[in-house]
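Quick look at my_file37.pdb (PDB, C-alpha atoms):
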```pdb
ATOM      1  CA  MET R   1     157.156   0.110 136.975
ATOM      2  CA  SER R   2     154.964   1.064 139.883
ATOM      3  CA  PRO R   3     155.040   4.703 140.985
ATOM      4  CA  HIS R   4     156.422   5.721 144.384
ATOM      5  CA  LEU R   5     154.057   7.496 146.784
ATOM      6  CA  VAL R   6     155.582   9.841 149.372
ATOM      7  CA  ARG R   7     153.444  11.767 151.871
ATOM      8  CA  VAL R   8     154.806  15.002 153.336
ATOM      9  CA  SER R   9     153.618  13.859 156.781
ATOM     10  CA  ASP R  10     155.854  10.753 156.538
ATOM     11  CA  VAL R  11     159.085  12.720 155.949
ATOM     12  CA  ALA R  12     160.993  14.133 158.917
ATOM     13  CA  PRO R  13     161.611  17.897 158.688
ATOM     14  CA  GLN R  14     165.162  19.233 158.618
ATOM     15  CA  ARG R  15     165.874  22.740 159.911
ATOM     16  CA  TRP R  16     167.447  25.219 157.493
ATOM     17  CA  ARG R  17     170.939  26.455 158.323
ATOM     18  CA  ASN R  18     169.626  30.040 158.605
ATOM     19  CA  GLY R  19     166.745  29.002 160.915
ATOM     20  CA  GLY R  20     164.096  30.537 158.651
ATOM     21  CA  GLY R  21     162.217  27.303 158.058
ATOM     22  CA  VAL R  22     162.333  23.559 157.572
ATOM     23  CA  THR R  23     162.462  21.314 154.528
ATOM     24  CA  ARG R  24     161.225  17.814 153.784
ATOM     25  CA  GLU R  25     163.043  16.028 150.968
ATOM     26  CA  LEU R  26     160.530  13.930 149.035
ATOM     27  CA  LEU R  27     162.870  12.725 146.311
ATOM     28  CA  SER R  28     166.554  12.752 145.458
ATOM     29  CA  ARG R  29     167.721  10.962 142.282
ATOM     30  CA  PRO R  30     170.325   9.615 142.510
ATOM     31  CA  ALA R  31     170.359   9.536 146.304
ATOM     32  CA  GLY R  32     173.006  11.479 148.192
ATOM     33  CA  ASN R  33     174.923  14.643 147.357
ATOM     34  CA  SER R  34     175.311  13.850 143.644
ATOM     35  CA  TRP R  35     171.581  14.228 142.927
ATOM     36  CA  GLN R  36     170.391  15.473 139.550
ATOM     37  CA  VAL R  37     166.708  15.743 140.501
ATOM     38  CA  ARG R  38     165.479  16.825 143.928
ATOM     39  CA  VAL R  39     161.901  17.515 145.061
ATOM     40  CA  SER R  40     161.209  19.020 148.469
ATOM     41  CA  VAL R  41     158.559  20.852 150.447
ATOM     42  CA  ALA R  42     159.691  23.785 152.573
ATOM     43  CA  ASP R  43     157.921  25.575 155.407
ATOM     44  CA  ILE R  44     159.063  29.198 155.476
ATOM     45  CA  ASP R  45     158.513  30.695 158.932
ATOM     46  CA  ALA R  46     160.508  33.936 158.635
ATOM     47  CA  ASP R  47     161.970  36.309 156.068
ATOM     48  CA  GLY R  48     165.476  35.419 154.963
ATOM     49  CA  PRO R  49     167.860  34.296 152.244
ATOM     50  CA  PHE R  50     167.721  31.052 150.310
ATOM     51  CA  SER R  51     170.821  28.880 150.206
ATOM     52  CA  PRO R  52     172.650  29.252 146.884
ATOM     53  CA  PHE R  53     172.799  26.231 144.554
ATOM     54  CA  PRO R  54     175.241  27.014 141.715
ATOM     55  CA  GLY R  55     174.603  24.926 138.600
ATOM     56  CA  VAL R  56     171.010  24.190 139.659
ATOM     57  CA  GLU R  57     167.770  25.203 137.953
ATOM     58  CA  ARG R  58     165.123  25.839 140.610
ATOM     59  CA  TRP R  59     161.335  25.845 140.405
ATOM     60  CA  PHE R  60     159.231  27.255 143.268
ATOM     61  CA  SER R  61     155.497  27.359 143.990
ATOM     62  CA  VAL R  62     153.362  28.263 147.017
ATOM     63  CA  VAL R  63     151.333  25.278 148.247
ATOM     64  CA  ARG R  64     149.774  26.707 151.438
ATOM     65  CA  GLY R  65     149.729  30.050 153.188
ATOM     66  CA  PRO R  66     149.084  33.549 151.891
ATOM     67  CA  ALA R  67     151.974  34.645 149.648
ATOM     68  CA  VAL R  68     155.707  35.175 149.465
ATOM     69  CA  GLU R  69     157.817  37.721 147.651
ATOM     70  CA  LEU R  70     161.034  36.245 146.300
ATOM     71  CA  THR R  71     163.662  38.777 145.343
ATOM     72  CA  ILE R  72     166.026  37.078 142.938
ATOM     73  CA  ALA R  73     169.124  38.920 141.761
ATOM     74  CA  GLY R  74     167.407  42.179 142.793
ATOM     75  CA  THR R  75     164.092  41.518 141.007
ATOM     76  CA  PRO R  76     160.983  40.926 143.177
ATOM     77  CA  HIS R  77     158.468  38.184 142.291
ATOM     78  CA  ARG R  78     155.227  37.906 144.275
ATOM     79  CA  LEU R  79     153.817  34.367 144.418
ATOM     80  CA  ALA R  80     150.532  33.184 145.907
ATOM     81  CA  ARG R  81     148.681  29.858 145.824
ATOM     82  CA  GLY R  82     147.479  29.113 142.330
ATOM     83  CA  ASP R  83     150.143  31.220 140.583
ATOM     84  CA  PRO R  84     152.308  29.486 137.986
ATOM     85  CA  PRO R  85     155.608  28.158 139.403
ATOM     86  CA  LEU R  86     158.640  30.434 139.268
ATOM     87  CA  ARG R  87     161.806  29.176 137.557
ATOM     88  CA  PHE R  88     165.155  30.704 138.526
ATOM     89  CA  ASP R  89     168.910  30.151 138.620
ATOM     90  CA  GLY R  90     169.954  28.469 141.867
ATOM     91  CA  ALA R  91     173.211  30.470 141.902
ATOM     92  CA  ALA R  92     171.336  33.791 142.015
ATOM     93  CA  ALA R  93     170.991  35.588 145.332
ATOM     94  CA  ALA R  94     167.423  34.890 146.503
ATOM     95  CA  HIS R  95     165.636  36.367 149.515
ATOM     96  CA  ALA R  96     162.129  35.471 150.748
ATOM     97  CA  HIS R  97     159.763  37.998 152.309
ATOM     98  CA  LEU R  98     156.559  36.529 153.760
ATOM     99  CA  ILE R  99     153.312  38.367 153.107
ATOM    100  CA  ASP R 100     150.814  37.907 155.965
ATOM    101  CA  GLY R 101     152.354  34.787 157.480
ATOM    102  CA  PRO R 102     154.237  31.516 156.919
ATOM    103  CA  THR R 103     153.992  29.488 153.718
ATOM    104  CA  ARG R 104     154.514  25.890 152.631
ATOM    105  CA  ASP R 105     156.250  25.720 149.264
ATOM    106  CA  LEU R 106     157.100  23.115 146.632
ATOM    107  CA  ASN R 107     160.617  23.038 145.171
ATOM    108  CA  LEU R 108     161.960  21.205 142.141
ATOM    109  CA  MET R 109     165.741  21.391 141.692
ATOM    110  CA  LEU R 110     167.529  20.141 138.575
ATOM    111  CA  ARG R 111     171.306  19.715 138.253
ATOM    112  CA  ASN R 112     172.610  18.369 134.940
ATOM    113  CA  ALA R 113     168.977  17.702 134.066
ATOM    114  CA  GLU R 114     166.161  19.289 132.113
ATOM    115  CA  GLY R 115     162.651  19.538 133.445
ATOM    116  CA  SER R 116     159.728  21.634 134.513
ATOM    117  CA  MET R 117     156.980  22.225 137.050
ATOM    118  CA  ARG R 118     153.476  23.284 136.064
ATOM    119  CA  LEU R 119     150.021  23.513 137.590
ATOM    120  CA  ALA R 120     147.778  20.489 137.138
ATOM    121  CA  ALA R 121     144.248  21.050 135.834
ATOM    122  CA  ASP R 122     141.435  18.898 137.213
ATOM    123  CA  GLY R 123     140.745  15.939 134.899
ATOM    124  CA  VAL R 124     142.928  17.304 132.071
ATOM    125  CA  PRO R 125     145.529  14.834 130.698
ATOM    126  CA  TRP R 126     149.199  15.836 130.733
ATOM    127  CA  SER R 127     151.957  14.380 128.544
ATOM    128  CA  PRO R 128     155.236  14.695 130.464
ATOM    129  CA  GLN R 129     157.759  14.547 127.571
ATOM    130  CA  ALA R 130     160.416  13.517 130.099
ATOM    131  CA  ARG R 131     162.163  10.388 131.342
ATOM    132  CA  HIS R 132     160.832  10.798 134.906
ATOM    133  CA  CYS R 133     157.765  12.596 136.176
ATOM    134  CA  GLY R 134     155.447  13.035 139.087
ATOM    135  CA  LEU R 135     152.487  14.727 140.649
ATOM    136  CA  PHE R 136     152.474  16.699 143.885
ATOM    137  CA  SER R 137     148.909  17.014 145.165
ATOM    138  CA  ALA R 138     147.450  19.973 147.028
ATOM    139  CA  VAL R 139     144.193  18.059 147.518
ATOM    140  CA  ALA R 140     143.272  14.383 147.686
ATOM    141  CA  GLY R 141     142.261  12.722 144.437
ATOM    142  CA  SER R 142     143.211  10.033 141.964
ATOM    143  CA  CYS R 143     145.943   9.886 139.342
ATOM    144  CA  ARG R 144     145.680   7.705 136.245
ATOM    145  CA  ALA R 145     148.738   6.794 134.147
ATOM    146  CA  ASP R 146     147.860   5.854 130.560
ATOM    147  CA  ASP R 147     145.133   3.163 130.716
ATOM    148  CA  GLN R 148     146.206   1.780 134.109
ATOM    149  CA  PRO R 149     143.906   1.779 137.160
ATOM    150  CA  ALA R 150     143.882   5.098 139.004
ATOM    151  CA  VAL R 151     146.022   5.491 142.121
ATOM    152  CA  GLU R 152     144.450   7.259 145.102
ATOM    153  CA  ILE R 153     146.648  10.041 146.452
ATOM    154  CA  ASP R 154     146.309  12.035 149.668
ATOM    155  CA  ALA R 155     146.590  15.806 149.883
ATOM    156  CA  LEU R 156     150.215  16.907 150.273
ATOM    157  CA  ALA R 157     151.722  13.800 148.711
ATOM    158  CA  MET R 158     153.905  13.065 145.714
ATOM    159  CA  LEU R 159     153.404  10.263 143.229
ATOM    160  CA  TRP R 160     156.664   9.708 141.294
ATOM    161  CA  PHE R 161     157.230   7.645 138.141
ATOM    162  CA  ASP R 162     160.837   6.556 137.468
ATOM    163  CA  ALA R 163     159.671   5.649 133.956
ATOM    164  CA  ALA R 164     157.311   8.347 132.722
ATOM    165  CA  PRO R 165     154.046   7.163 131.180
ATOM    166  CA  SER R 166     152.865   8.847 127.991
ATOM    167  CA  SER R 167     149.923  10.477 129.776
ATOM    168  CA  LEU R 168     148.809  11.316 133.322
ATOM    169  CA  THR R 169     145.468  12.640 134.553
ATOM    170  CA  PHE R 170     144.753  13.925 138.076
ATOM    171  CA  THR R 171     141.150  14.155 139.233
ATOM    172  CA  ALA R 172     140.640  16.093 142.446
ATOM    173  CA  GLY R 173     138.381  14.635 145.107
ATOM    174  CA  ARG R 174     137.020  18.106 145.796
ATOM    175  CA  ARG R 175     137.312  21.520 144.254
ATOM    176  CA  ALA R 176     140.149  23.692 145.520
ATOM    177  CA  ALA R 177     140.109  27.479 145.606
ATOM    178  CA  ALA R 178     143.583  27.650 144.069
ATOM    179  CA  ALA R 179     145.866  24.896 142.769
ATOM    180  CA  ILE R 180     144.919  21.199 142.981
ATOM    181  CA  GLY R 181     148.476  20.017 142.279
ATOM    182  CA  TRP R 182     151.642  20.333 140.227
ATOM    183  CA  TRP R 183     153.148  18.205 137.469
ATOM    184  CA  LEU R 184     156.899  17.601 137.778
ATOM    185  CA  ALA R 185     159.111  16.457 134.910
ATOM    186  CA  ALA R 186     162.828  15.631 134.740
ATOM    187  CA  THR R 187     165.285  14.135 132.279
ATOM    188  CA  PRO R 188     168.839  13.835 133.643
ATOM    189  CA  GLN R 189     171.664  14.325 131.153
ATOM    190  CA  LYS R 190     173.973  11.415 130.551
ATOM    191  CA  GLY R 191     177.626  11.508 131.573
TER     192      GLY R 191
END
```

Re-express the file's structure as structure tokens.
Amino acid sequence: MSPHLVRVSDVAPQRWRNGGGVTRELLSRPAGNSWQVRVSVADIDADGPFSPFPGVERWFSVVRGPAVELTIAGTPHRLARGDPPLRFDGAAAAHAHLIDGPTRDLNLMLRNAEGSMRLAADGVPWSPQARHCGLFSAVAGSCRADDQPAVEIDALAMLWFDAAPSSLTFTAGRRAAAAIGWWLAATPQKG
């Protein structure tokens, strides 16, 4: 199966209910409200609470901007570009405090699914160990699945594989000061 390419710039932003930012949904599987896997990019413009998602495992990483402090169930976590993604319970009370300005952030949400988000390393193969997987790029580059021809990918785009290959490699077109991209993996539970 061919991967799906989604550019952040091609997705219309939707304003958060609390007015603190906007989100762009890059993927929802299955589509609609019964999703098990959801990938989105959020622009946080102001301090404020996150919407609760009971029964959802959330992963969060800063893509652009200085840093954000997420206080989750009373515990603060400071995240900047290049830091490993933060995993937390979507039901927990979460509040964002911006540090020196707005941020753009990557979110992976899993409901009745197992998965992970991790930083990609330039030119280093990754074995997803999941049914579905993808790459979200911070910089332009090329992504190779197994022995297939490489796919060119723009900065701030997601390449998603509905059938995960055994190996993926992302090669950045230029060196980045922090993260070049993130690997995303998901295996929905049956039933």

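Comparing the minimum interatomic distances between Gly141 (chain R) and each of R:Asp45, R:Asp89, R:Asp154, R:Asp10, counting all atoms listed in the file, we find that R:Asp154 sits nearest.
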
Worksheet item: Do you know which residues are at most 10 Å from Gly173 (chain R) counting all atoms listed in the file, after dropping those on the same chain fewer than 3 positions away, and could you put them as an NGL selection string?
Response: :R and (122 or 139-142 or 152-155 or 170 or 176 or 180)

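Candidate residues R:Val151, R:Ser2, R:His95, R:Pro54 were compared for distance to Ile72 (chain R), and the nearest is R:His95, using all atoms listed in the file.
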
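When only C-alpha atoms are used to measure the gap to Ala92 (chain R), the shortest distance among R:Arg104, R:Arg64, R:Arg78, R:Arg58 belongs to R:Arg58.
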
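Considering all atoms listed in the file, the residue among R:Glu25, R:Asp100, R:Glu57, R:Asp162 positioned nearest to Glu114 (chain R) is R:Glu57.
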
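Each of R:Ser137, R:Ser116, R:Ser9, R:Ser61 was checked against Met158 (chain R) using all atoms listed in the file; the smallest atom-to-atom distance is that of R:Ser137.
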
Worksheet item: What's the 12 Å shell around Cys143 (chain R), counting all atoms listed in the file, without same-chain residues fewer than 3 positions away, as an MDAnalysis selection string?
Response: chainID R and resid 3 5 120:126 134:137 139:140 146:154 157:161 165 167:173 180:183

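Residues within 8 Å of Thr103 (chain R), counting all atoms listed in the file and excluding same-chain residues fewer than 4 positions away, are Asp43, Ile44, Asp45, Val62, Val63, Arg64, Gly65, Pro66, Ala67, Val68 and Leu98 of chain R.
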
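Taken over the whole file, the PyMOL selection byres ((chain R and resi 84) around 10) covers exactly Phe60, Ser61, Val62, Leu79, Ala80, Arg81, Gly82, Asp83, Pro85, Leu86, Arg87, Met117, Arg118, Leu119, Ala179 and Trp182 of chain R.
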
Residue selection dump (C-alpha atoms) as a PDB file, in the frame of the given file:
```pdb
ATOM      1  CA  PHE R  60     159.231  27.255 143.268  1.00  0.00           C
ATOM      2  CA  SER R  61     155.497  27.359 143.990  1.00  0.00           C
ATOM      3  CA  VAL R  62     153.362  28.263 147.017  1.00  0.00           C
ATOM      4  CA  LEU R  79     153.817  34.367 144.418  1.00  0.00           C
ATOM      5  CA  ALA R  80     150.532  33.184 145.907  1.00  0.00           C
ATOM      6  CA  ARG R  81     148.681  29.858 145.824  1.00  0.00           C
ATOM      7  CA  GLY R  82     147.479  29.113 142.330  1.00  0.00           C
ATOM      8  CA  ASP R  83     150.143  31.220 140.583  1.00  0.00           C
ATOM      9  CA  PRO R  85     155.608  28.158 139.403  1.00  0.00           C
ATOM     10  CA  LEU R  86     158.640  30.434 139.268  1.00  0.00           C
ATOM     11  CA  ARG R  87     161.806  29.176 137.557  1.00  0.00           C
ATOM     12  CA  MET R 117     156.980  22.225 137.050  1.00  0.00           C
ATOM     13  CA  ARG R 118     153.476  23.284 136.064  1.00  0.00           C
ATOM     14  CA  LEU R 119     150.021  23.513 137.590  1.00  0.00           C
ATOM     15  CA  ALA R 179     145.866  24.896 142.769  1.00  0.00           C
ATOM     16  CA  TRP R 182     151.642  20.333 140.227  1.00  0.00           C
TER      17      TRP R 182
END
```

Item to complete: Using CA of His4 (chain R) and CA of Leu26 (chain R) as the two end points, give the distance in Å to one decimal.
Response: 10.3 Å

Item to complete: Run the PyMOL selection byres ((chain R and resi 30) around 12) on the file and write out the hits as an NGL selection string.
Response: :R and (27-29 or 31-39 or 110-113 or 162 or 188)

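Of the listed residues (R:Ala163, R:Ala145, R:Ala73, R:Ala12), R:Ala73 comes nearest to Ala94 (chain R); the distances count all atoms listed in the file.
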
Discussion item. The PyMOL selection byres ((chain R and resi 48-50) around 9) - which residues does that actually catch in the file I just gave you? List them as number ranges by chain.
Written reply: R: 18-20, 44, 46-47, 51-52, 93-97
